[in-house]
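Pasting data_23.cif here (mmCIF, C-alpha atoms):
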data_run
loop_
_atom_site.label_atom_id
_atom_site.label_comp_id
_atom_site.auth_asym_id
_atom_site.auth_seq_id
_atom_site.Cartn_x
_atom_site.Cartn_y
_atom_site.Cartn_z
CA MET A 113 189.53 132.19 102.36
CA LEU A 114 192.48 134.29 103.38
CA PHE A 115 190.92 136.56 106.02
CA ASP A 116 190.83 134.19 109.01
CA PHE A 117 193.22 131.57 107.64
CA GLY A 118 196.38 133.08 109.08
CA GLY A 119 194.93 133.19 112.58
CA THR A 120 193.22 129.79 112.61
CA ILE A 121 196.01 127.77 110.98
CA ILE A 122 197.87 127.71 114.30
CA ALA A 123 195.13 125.49 115.83
CA PRO A 124 196.30 122.15 114.31
CA ALA A 125 199.93 123.11 115.04
CA ILE A 126 199.49 123.73 118.80
CA PRO A 127 199.49 120.00 119.79
CA TYR A 128 202.87 119.59 118.06
CA PHE A 129 204.30 122.64 119.86
CA GLU A 130 203.17 121.17 123.19
CA SER A 131 204.50 117.69 122.40
CA LEU A 132 207.89 119.06 121.30
CA LYS A 133 207.92 121.63 124.13
CA LEU A 134 208.92 124.07 121.41
CA PHE A 135 207.20 127.00 123.14
CA THR A 136 205.77 127.57 126.62
CA GLN A 137 202.01 127.99 127.16
CA SER A 138 202.57 131.73 127.55
CA GLU A 139 204.51 131.88 124.28
CA ILE A 140 201.82 129.87 122.45
CA SER A 141 199.23 132.36 123.67
CA ARG A 142 201.33 135.26 122.44
CA LEU A 143 201.92 133.63 119.06
CA THR A 144 198.21 132.93 118.73
CA ALA A 145 197.20 136.46 119.71
CA ALA A 146 199.93 138.14 117.61
CA VAL A 147 197.73 137.89 114.52
CA VAL A 148 194.88 139.68 116.26
CA LEU A 149 197.09 142.43 117.72
CA THR A 150 198.70 143.36 114.41
CA ALA A 151 195.33 143.05 112.66
CA ALA A 152 194.06 145.73 115.03
CA VAL A 153 196.96 148.03 114.13
CA ALA A 154 196.54 147.28 110.42
CA GLY A 155 192.85 148.10 110.65
CA LEU A 156 193.74 151.67 111.67
CA VAL A 157 195.90 152.28 108.60
CA ALA A 158 193.83 150.20 106.17
CA GLY A 159 191.41 153.06 105.60
CA VAL A 160 194.29 155.44 104.85
CA PHE A 161 195.84 152.96 102.39
CA ALA A 162 192.47 152.31 100.73
CA GLU A 163 191.80 156.04 100.30
CA LYS A 164 195.28 156.87 99.02
CA PHE A 165 196.10 153.86 96.81
CA GLY A 166 192.65 152.46 96.03
CA ARG A 167 190.84 149.34 97.20
CA LYS A 168 192.39 147.04 94.59
CA ARG A 169 196.06 147.88 95.15
CA THR A 170 195.59 147.73 98.92
CA MET A 171 194.15 144.21 98.64
CA LEU A 172 197.05 143.10 96.42
CA PHE A 173 199.51 144.43 99.00
CA ALA A 174 197.80 142.47 101.78
CA ALA A 175 197.85 139.24 99.76
CA ALA A 176 201.58 139.56 99.05
CA MET A 177 202.27 140.18 102.74
CA ALA A 178 200.25 137.09 103.76
CA ALA A 179 202.24 134.90 101.36
CA LEU A 180 205.62 136.22 102.56
CA ALA A 181 204.63 135.60 106.20
CA CYS A 182 205.22 131.86 105.73
CA LEU A 183 208.98 132.38 105.40
CA PRO A 184 209.94 133.57 108.91
CA ILE A 185 207.46 131.11 110.47
CA CYS A 186 208.58 127.96 108.67
CA LEU A 187 212.28 128.83 108.59
CA CYS A 188 212.54 130.10 112.17
CA GLY A 189 214.02 126.89 113.60
CA GLY A 190 211.90 127.30 116.73
CA ARG A 191 213.13 130.84 117.43
CA PHE A 192 210.26 132.68 119.06
CA TRP A 193 210.77 136.18 117.67
CA LEU A 194 211.18 135.03 114.06
CA PHE A 195 208.00 133.02 114.43
CA TYR A 196 206.28 136.02 116.02
CA THR A 197 207.33 138.23 113.08
CA GLY A 198 205.65 135.88 110.63
CA ARG A 199 202.47 135.77 112.72
CA ALA A 200 202.51 139.57 112.88
CA LEU A 201 202.67 139.76 109.08
CA GLN A 202 199.72 137.35 108.84
CA GLY A 203 197.77 139.59 111.20
CA PHE A 204 198.65 142.78 109.35
CA ALA A 205 197.34 141.27 106.12
CA ALA A 206 194.14 140.11 107.84
CA GLY A 207 193.52 143.53 109.38
CA ILE A 208 193.74 145.23 105.98
CA LEU A 209 191.44 142.67 104.38
CA GLY A 210 188.89 142.94 107.19
CA VAL A 211 188.41 146.63 106.42
CA VAL A 212 188.93 146.85 102.66
CA VAL A 213 187.01 143.78 101.41
CA PRO A 214 183.68 144.64 103.13
CA MET A 215 184.19 148.25 102.02
CA TYR A 216 184.73 147.13 98.42
CA LEU A 217 181.63 144.90 98.53
CA ALA A 218 179.44 147.68 99.96
CA GLU A 219 180.63 150.12 97.30
CA THR A 220 180.23 147.82 94.29
CA LEU A 221 177.10 145.74 95.00
CA PRO A 222 173.48 146.96 94.59
CA ALA A 223 171.28 147.14 97.69
CA ALA A 224 169.36 143.96 96.79
CA ASP A 225 172.57 141.89 96.70
CA ARG A 226 174.63 143.56 99.42
CA GLY A 227 173.50 141.09 102.09
CA LYS A 228 174.40 138.12 99.92
CA GLY A 229 177.73 139.73 99.11
CA ALA A 230 178.65 140.07 102.77
CA GLY A 231 177.37 136.52 103.25
CA VAL A 232 179.69 135.21 100.56
CA PHE A 233 182.59 137.03 102.25
CA GLN A 234 181.85 135.15 105.48
CA LEU A 235 181.12 131.92 103.58
CA MET A 236 184.52 131.92 101.91
CA ASP A 237 186.08 132.87 105.24
CA THR A 238 184.61 129.65 106.67
CA VAL A 239 185.90 127.72 103.65
CA GLY A 240 189.36 128.93 104.63
CA ILE A 241 188.84 127.85 108.25
CA LEU A 242 187.57 124.44 107.05
CA PHE A 243 190.71 124.20 104.94
CA CYS A 244 192.73 124.76 108.14
CA SER A 245 191.03 121.83 109.84
CA LEU A 246 191.47 119.59 106.78
CA VAL A 247 195.17 120.44 106.76
CA GLY A 248 195.30 119.27 110.39
CA LEU A 249 193.51 116.00 109.54
CA LEU A 250 195.81 115.28 106.58
CA VAL A 251 198.94 116.04 108.58
CA VAL A 252 197.80 113.65 111.34
CA LYS A 253 196.99 110.97 108.74
CA PHE A 254 200.17 111.13 106.68
CA ILE A 255 202.78 112.33 109.19
CA GLY A 256 201.31 111.30 112.54
CA ALA A 257 199.45 112.57 115.58
CA ALA A 258 201.19 114.78 118.12
CA ASP A 259 200.34 112.40 120.99
CA SER A 260 201.39 109.23 119.15
CA PRO A 261 204.45 107.52 120.75
CA THR A 262 205.54 106.16 117.35
CA VAL A 263 205.93 109.61 115.75
CA THR A 264 209.47 110.99 116.04
CA ASP A 265 210.32 114.56 117.00
CA ALA A 266 211.70 115.13 113.50
CA ALA A 267 208.35 114.12 112.01
CA LYS A 268 206.50 116.41 114.43
CA ASN A 269 208.70 119.33 113.36
CA ILE A 270 207.89 118.59 109.72
CA ALA A 271 204.19 118.36 110.62
CA TRP A 272 203.81 121.87 112.07
CA GLN A 273 205.90 123.36 109.25
CA VAL A 274 203.65 121.74 106.62
CA VAL A 275 200.66 123.22 108.48
CA PHE A 276 202.03 126.74 108.10
CA TRP A 277 203.33 126.35 104.53
CA SER A 278 199.72 125.64 103.54
CA SER A 279 198.79 129.22 104.45
CA ALA A 280 200.52 130.43 101.27
CA VAL A 281 197.82 128.77 99.14
CA PRO A 282 194.89 131.15 99.89
CA ALA A 283 197.27 134.14 99.71
CA VAL A 284 198.26 133.26 96.14
CA LEU A 285 194.63 132.55 95.17
CA PHE A 286 193.51 135.89 96.60
CA PHE A 287 196.28 137.80 94.79
CA LEU A 288 195.32 136.24 91.44
CA GLY A 289 191.63 136.90 92.07
CA VAL A 290 192.11 140.58 92.90
CA LEU A 291 194.05 141.08 89.65
CA CYS A 292 190.76 140.38 87.84
CA LEU A 293 188.74 143.00 89.77
CA GLU A 294 187.78 146.51 88.72
CA GLU A 295 188.51 149.39 91.09
CA SER A 296 185.69 150.60 93.36
CA PRO A 297 183.49 153.20 91.63
CA VAL A 298 183.14 155.08 94.91
CA TRP A 299 186.92 155.47 95.19
CA LEU A 300 187.12 156.57 91.54
CA ALA A 301 184.44 159.18 92.25
CA LYS A 302 186.41 160.46 95.23
CA ARG A 303 189.44 160.85 92.99
CA GLY A 304 187.72 163.67 91.13
CA ARG A 305 184.87 162.17 89.14
CA GLU A 306 182.05 163.32 91.44
CA THR A 307 179.77 166.17 90.43
CA LYS A 308 180.10 169.71 91.75
CA ASP A 309 176.94 169.22 93.81
CA GLU A 310 178.39 166.16 95.52
CA ARG A 311 181.61 168.03 96.29
CA HIS A 312 179.62 170.90 97.77
CA GLU A 313 177.53 168.56 99.96
CA VAL A 314 180.59 166.77 101.31
CA ALA A 315 182.40 170.04 101.97
CA GLY A 316 179.42 171.33 103.98
CA ASP A 317 179.10 168.26 106.19
CA LYS A 318 180.28 168.24 109.78
CA LEU A 319 181.55 165.00 111.25
CA LEU A 320 179.98 165.46 114.69
CA GLN A 321 176.46 164.95 113.39
CA ARG A 322 173.87 162.42 114.49
CA LYS A 323 174.01 160.69 111.10
CA TYR A 324 177.74 160.06 111.63
CA VAL A 325 178.12 159.54 115.39
CA LEU A 326 175.20 157.19 116.03
CA PRO A 327 175.97 154.68 113.25
CA PHE A 328 179.65 154.75 114.21
CA VAL A 329 178.87 153.97 117.86
CA LEU A 330 176.46 151.19 116.87
CA ALA A 331 179.05 149.62 114.54
CA VAL A 332 181.69 149.74 117.29
CA VAL A 333 179.37 148.11 119.84
CA VAL A 334 178.35 145.38 117.40
CA LEU A 335 181.94 144.59 116.44
CA ALA A 336 183.18 144.60 120.05
CA CYS A 337 180.32 142.31 121.13
CA ASN A 338 181.03 140.07 118.15
CA GLN A 339 184.49 139.34 119.52
CA ALA A 340 183.27 139.17 123.12
CA THR A 341 181.33 136.03 122.14
CA GLY A 342 184.82 134.45 122.09
CA ILE A 343 184.65 133.52 118.41
CA ASN A 344 188.33 134.01 117.57
CA SER A 345 189.50 132.18 120.68
CA MET A 346 187.04 129.35 120.00
CA GLN A 347 188.51 128.99 116.51
CA TYR A 348 192.08 129.01 117.83
CA TYR A 349 191.62 126.88 120.95
CA ALA A 350 188.60 124.62 120.19
CA LEU A 351 190.85 121.69 119.27
CA LYS A 352 192.83 122.09 122.50
CA MET A 353 189.60 122.43 124.50
CA PHE A 354 188.31 119.15 123.04
CA GLN A 355 191.54 117.45 124.09
CA ASP A 356 191.37 118.95 127.58
CA ALA A 357 187.83 117.57 127.92
CA GLY A 358 189.10 114.05 127.21
CA LEU A 359 189.45 113.44 123.45
CA SER A 360 192.63 112.15 121.81
CA ASN A 361 194.54 114.36 119.36
CA ALA A 362 193.10 112.47 116.37
CA MET A 363 189.50 112.66 117.67
CA ALA A 364 189.93 116.33 118.61
CA ASN A 365 190.93 117.00 115.00
CA VAL A 366 187.73 115.26 113.88
CA GLY A 367 185.75 117.46 116.28
CA PHE A 368 187.50 120.57 114.97
CA THR A 369 186.73 119.57 111.37
CA ALA A 370 183.07 119.15 112.35
CA PHE A 371 183.27 122.62 113.92
CA THR A 372 184.46 124.17 110.65
CA ALA A 373 182.03 122.12 108.52
CA VAL A 374 179.04 123.31 110.58
CA MET A 375 180.35 126.87 110.31
CA LEU A 376 180.48 126.51 106.52
CA GLY A 377 177.02 124.96 106.19
CA MET A 378 175.28 127.47 108.47
CA THR A 379 177.03 130.40 106.79
CA ALA A 380 175.72 129.20 103.44
CA LEU A 381 172.24 129.06 104.97
CA ALA A 382 172.67 132.60 106.34
CA CYS A 383 173.58 133.84 102.85
CA ALA A 384 170.20 132.58 101.62
CA PHE A 385 168.24 134.23 104.44
CA VAL A 386 170.04 137.50 105.18
CA ASP A 387 168.24 139.45 102.44
CA ARG A 388 164.92 137.72 103.16
CA LYS A 389 164.64 137.63 106.94
CA GLY A 390 166.72 140.73 107.59
CA ARG A 391 169.72 141.55 109.77
CA LYS A 392 167.93 141.98 113.13
CA PHE A 393 166.12 138.62 113.00
CA LEU A 394 169.30 136.66 112.27
CA LEU A 395 171.27 138.54 114.92
CA LYS A 396 168.66 137.86 117.61
CA LEU A 397 168.40 134.19 116.62
CA GLY A 398 172.17 133.73 116.56
CA THR A 399 172.99 135.52 119.80
CA ALA A 400 170.28 133.61 121.68
CA GLY A 401 171.75 130.31 120.48
CA ILE A 402 175.26 131.41 121.47
CA ILE A 403 174.15 132.16 125.04
CA VAL A 404 172.51 128.73 125.45
CA SER A 405 175.39 126.76 123.91
CA LEU A 406 178.13 128.53 125.89
CA CYS A 407 176.25 127.85 129.13
CA ALA A 408 175.91 124.19 128.10
CA ALA A 409 179.64 123.84 127.36
CA GLY A 410 180.47 125.56 130.65
CA ALA A 411 178.13 123.17 132.50
CA VAL A 412 180.05 120.17 131.09
CA PHE A 413 183.32 121.53 132.48
CA VAL A 414 181.63 122.21 135.83
CA ALA A 415 180.54 118.54 135.86
CA ILE A 416 184.12 117.44 135.05
CA ASN A 417 185.59 119.64 137.79
CA THR A 418 183.12 118.42 140.43
CA GLY A 419 183.53 114.78 139.49
CA ALA A 420 179.95 114.37 138.27
CA LEU A 421 181.33 113.53 134.81
CA ALA A 422 184.64 111.81 134.13
CA LYS A 423 187.12 113.41 131.77
CA GLY A 424 187.13 111.22 128.67
CA PRO A 425 185.39 110.58 125.34
CA VAL A 426 181.86 111.12 126.70
CA ALA A 427 182.71 114.48 128.25
CA GLY A 428 184.79 115.42 125.21
CA TRP A 429 181.96 114.75 122.75
CA CYS A 430 179.49 116.62 124.99
CA VAL A 431 181.75 119.67 124.72
CA VAL A 432 182.02 119.16 120.96
CA GLY A 433 178.21 119.03 120.71
CA ALA A 434 177.76 122.26 122.65
CA VAL A 435 180.47 123.99 120.62
CA LEU A 436 178.83 122.85 117.37
CA VAL A 437 175.58 124.52 118.47
CA TYR A 438 177.66 127.61 119.36
CA ILE A 439 179.27 127.85 115.93
CA ALA A 440 175.97 127.12 114.16
CA SER A 441 174.35 130.00 116.06
CA PHE A 442 177.26 132.33 115.43
CA SER A 443 177.35 131.52 111.71
CA ILE A 444 173.61 132.00 111.09
CA GLY A 445 173.64 135.43 112.72
CA PRO A 446 176.68 137.43 113.87
CA GLY A 447 179.07 135.71 111.44
CA VAL A 448 177.37 137.22 108.40
CA VAL A 449 175.60 140.26 109.81
CA VAL A 450 178.66 141.81 111.47
CA TRP A 451 180.25 142.61 108.10
CA LEU A 452 177.02 144.18 106.92
CA ALA A 453 176.85 146.28 110.08
CA LEU A 454 180.42 147.43 109.53
CA SER A 455 179.93 148.45 105.90
CA GLU A 456 176.26 149.49 105.81
CA LEU A 457 176.09 151.66 108.92
CA MET A 458 179.01 153.90 107.96
CA PRO A 459 178.09 156.87 105.73
CA ASP A 460 180.24 157.50 102.65
CA ARG A 461 182.23 160.36 104.13
CA ILE A 462 183.47 158.44 107.18
CA ARG A 463 183.35 154.87 105.80
CA ALA A 464 187.09 154.32 105.33
CA ASN A 465 188.26 155.86 108.61
CA GLY A 466 185.17 154.81 110.58
CA MET A 467 185.54 151.18 109.50
CA ALA A 468 189.24 151.31 110.34
CA ILE A 469 188.61 152.56 113.90
CA ALA A 470 185.75 150.09 114.44
CA MET A 471 187.93 147.23 113.18
CA PHE A 472 190.74 148.34 115.50
CA ILE A 473 188.42 148.13 118.51
CA ASN A 474 187.08 144.80 117.27
CA MET A 475 190.55 143.32 116.94
CA MET A 476 191.78 144.71 120.26
CA VAL A 477 188.93 142.94 122.03
CA ALA A 478 189.83 139.77 120.14
CA PHE A 479 193.52 140.22 121.04
CA LEU A 480 192.85 140.66 124.75
CA ILE A 481 190.69 137.53 124.83
CA ALA A 482 193.05 135.37 122.75
CA ASP A 483 196.13 136.58 124.60
CA ARG A 484 194.71 135.88 128.06
CA MET A 485 192.45 132.89 127.43
CA LEU A 486 194.95 130.10 128.17
CA ALA A 487 196.15 131.93 131.28
CA LEU A 488 192.55 132.38 132.48
CA VAL A 489 191.73 128.74 131.72
CA GLU A 490 194.84 127.62 133.61
CA LYS A 491 193.87 129.74 136.62
CA PHE A 492 190.06 129.40 136.71
CA GLY A 493 189.17 126.57 134.30
CA TYR A 494 187.09 126.62 131.14
CA ALA A 495 183.68 127.06 132.82
CA PRO A 496 184.09 130.67 134.09
CA VAL A 497 185.60 131.74 130.76
CA LEU A 498 182.69 130.27 128.78
CA PHE A 499 180.12 131.78 131.16
CA GLY A 500 181.88 135.15 130.70
CA PHE A 501 181.46 134.89 126.92
CA ALA A 502 177.76 134.11 127.46
CA ALA A 503 177.31 137.20 129.65
CA ALA A 504 178.90 139.42 126.98
CA THR A 505 176.58 137.91 124.36
CA VAL A 506 173.56 139.02 126.41
CA ILE A 507 174.65 142.64 125.74
CA TYR A 508 174.93 141.75 122.05
CA PHE A 509 171.37 140.39 122.03
CA ILE A 510 170.00 143.54 123.66
CA THR A 511 171.82 145.78 121.16
CA ALA A 512 170.49 143.78 118.20
CA ALA A 513 166.94 143.63 119.53
CA PHE A 514 166.45 147.24 120.63
CA PHE A 515 169.02 149.56 119.03
CA LEU A 516 170.10 148.26 115.62
CA PRO A 517 167.94 149.47 112.69
CA GLU A 518 166.87 147.04 109.97
CA THR A 519 168.84 147.79 106.77
CA LYS A 520 167.48 145.01 104.54
CA GLY A 521 166.85 146.25 101.00
CA LYS A 522 167.91 149.84 101.71
CA THR A 523 170.49 151.74 99.72
CA LEU A 524 173.48 153.23 101.55
CA ALA A 525 171.93 156.69 100.99
CA GLU A 526 168.65 155.57 102.60
CA ILE A 527 170.49 154.16 105.61
CA GLU A 528 172.38 157.44 106.02
CA ALA A 529 169.10 159.36 105.74
CA HIS A 530 167.64 157.20 108.54
CA PHE A 531 170.38 158.29 110.95
CA ALA A 532 170.01 161.89 109.81
CA GLY A 533 166.35 161.72 110.89
CA ARG A 534 164.98 162.05 107.32
#
Please express the file's structure as structure tokens.
Amino acid sequence: MLFDFGGTIIAPAIPYFESLKLFTQSEISRLTAAVVLTAAVAGLVAGVFAEKFGRKRTMLFAAAMAALACLPICLCGGRFWLFYTGRALQGFAAGILGVVVPMYLAETLPAADRGKGAGVFQLMDTVGILFCSLVGLLVVKFIGAADSPTVTDAAKNIAWQVVFWSSAVPAVLFFLGVLCLEESPVWLAKRGRETKDERHEVAGDKLLQRKYVLPFVLAVVVLACNQATGINSMQYYALKMFQDAGLSNAMANVGFTAFTAVMLGMTALACAFVDRKGRKFLLKLGTAGIIVSLCAAGAVFVAINTGALAKGPVAGWCVVGAVLVYIASFSIGPGVVVWLALSELMPDRIRANGMAIAMFINMMVAFLIADRMLALVEKFGYAPVLFGFAAATVIYFITAAFFLPETKGKTLAEIEAHFAGR
């Protein structure tokens, strides 16, 4: 629940920022993207932390950081840099979790269950995002909508603070859950419990080998393409996009809740199929659906801009429909498979550092998109941005269809042997 919560929780707060004129559009973009930027930096050091201190202690550290991040955000009094500090802490925690949790799952689960394990990681991630949208709905219901003339500025200030205080809940739950876990057996082995033969094999390996370079490059391409679909920005700005297409704040919150509910349902479905149908099939299915849905959403905004369709409820719900197909396609394929690609493709010797570098590239792509999206939308409109995401997803489809090996049912040793040509 915690992984994407810190980033997405800003979505229901943005309408209140705009209504109060608390931050400029540029500052809102920077606050939104701050999580992704620091997650990228954290991803680089996460592997070092996980190797030095163990997977369990590193996860506990991240959970504590995520809980403490609420303080500078909610007590900032509208001061940008205090708020930014809290968002940076949320991002740092997310970056660590994005590397260490998939690593822990890959190292502790048997081959037959590894796909389901990664699926559950993504499933609970979507539960956290759904929780974000439900927080937004409850705040609108009990405190008031950002665009309601009867809601005072004082109430709107309370509303966005309640939104961010809620982010402490999954942090506390995660901390308590990790306390119950055993340490990774792979990490324990690396601490001196491996056999002499294993030590000799590792010592004789060279990093610039096909079995290391090729899987690393594939993992980097998959993770970069995953973000180039626009997924993080869609999570952060979908509610605003629905409003800009013509929905009210209350109806946009309903649309955003539907967005997260579809994500949850399709992720659950992906968990059931990932070890049956395989990684390649789901990736091809999902990326094809993403391309079609992004083009459809872009076409609606083209119709609005040309006057063929009036901005209002009809246009707004058309955008919601296209975005729901987008998130369904993402969830059934890339949403689950990307974490498998990250953890399965990396051989044991380079897993910690390789995953850290791949996650850094992943998050930097996400940061650049999230940081510039509102500026690009303001300059060019939504349609070119959405068509750009679709074009990037075409590369993703080609990579999945022609270059990614099928890893269903294979042990990590068998996958490494595949890249070694054995």
Worksheet item: Using the chain letters and numbers from the file, which residues does the PyMOL selection byres ((chain A and resi 433) around 10) grab, as a ChimeraX atom specification?
Response: /A:367,370-371,405,408-409,427-432,434-438
Fill in: Residues returned when the PyMOL selection byres ((chain A and resi 180) around 10) runs on this file, as a list in words
Ala175, Ala176, Met177, Ala178, Ala179, Ala181, Cys182, Leu183, Pro184, Ile185, Gly198, Leu201, Gln202, Ser279, Ala280 and Ala283 of chain A
Worksheet item: Given the file above and the PyMOL selection byres ((chain A and resi 445-448) around 6), which residues are selected, and can you give them as a PyMOL selection string?
Response: chain A and resi 231+234+394-395+398+442-444+449-450
Neighbouring residues of Asp265 in chain A were defined as those with any atom within 10 Å, considering only C-alpha atoms; residues of the same chain fewer than 5 positions away were excluded. Please report them as a PDB file with C-alpha atoms, in the coordinates of the input.
ATOM      1  CA  TYR A 128     202.870 119.590 118.060  1.00  0.00           C
ATOM      2  CA  SER A 131     204.500 117.690 122.400  1.00  0.00           C
ATOM      3  CA  LEU A 132     207.890 119.060 121.300  1.00  0.00           C
ATOM      4  CA  ALA A 258     201.190 114.780 118.120  1.00  0.00           C
ATOM      5  CA  ILE A 270     207.890 118.590 109.720  1.00  0.00           C
ATOM      6  CA  ALA A 271     204.190 118.360 110.620  1.00  0.00           C
TER       7      ALA A 271
END
Closest atom pairs, range 198-242 of chain A residues within 10 Å of range 151-165 of chain A, all atoms listed in the file, as CSV:
residue,atom,partner,partner_atom,distance
A:Ala200,CA,A:Ala151,CA,8.0
A:Leu201,CA,A:Ala151,CA,8.8
A:Gln202,CA,A:Ala151,CA,8.1
A:Gly203,CA,A:Ala151,CA,4.5
A:Phe204,CA,A:Ala151,CA,4.7
A:Ala205,CA,A:Ala151,CA,7.1
A:Ala206,CA,A:Ala151,CA,5.8
A:Gly207,CA,A:Ala151,CA,3.8
A:Ile208,CA,A:Ala158,CA,5.0
A:Leu209,CA,A:Ala158,CA,8.1
A:Gly210,CA,A:Gly155,CA,7.4
A:Val211,CA,A:Gly155,CA,6.3
A:Val212,CA,A:Ala162,CA,6.8
A:Met215,CA,A:Ala162,CA,9.3
A:Tyr216,CA,A:Ala162,CA,9.6
Fill in: Between CA of Ile343 in chain A and CA of Val506 in chain A - distance in Å to one decimal
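Computed distance, CA of Val506 in chain A to CA of Ile343 in chain A, equals 14.7 Å.
For the choices A:Pro222, A:Ile469, A:Asp483, A:Thr379, the atom-to-atom distance to Gln137 in chain A is smallest for A:Asp483 when using only C-alpha atoms.
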Discussion item. Using Å and a single decimal, report how far CA of Phe479 in chain A sits from CA of Ala512 in chain A.
Written reply: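 Between these atoms lies a distance of 23.5 Å.
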Practice prompt. Go ahead and compute the interatomic distance for CA of Met485 in chain A and CA of Leu421 in chain A, in Å to one decimal.
Written response: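 The value is 23.5 Å.
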Discussion item. I'd like the neighbourhood of Phe385 in chain A as a list in words, where a residue qualifies if any of its atoms comes within 9 Å (using only C-alpha atoms), though same-chain residues fewer than 3 positions away should be ignored.
Written reply: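 The contact residues come out as Gly227, Lys228, Leu381, Ala382, Arg388, Lys389, Gly390, Leu394 and Ile444 of chain A.
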Fill in: Residue nearest Ser360 in chain A - candidates A:Val333, A:Cys383, A:Ala257, A:Val147, atoms counted: all atoms listed in the file
A:Ala257
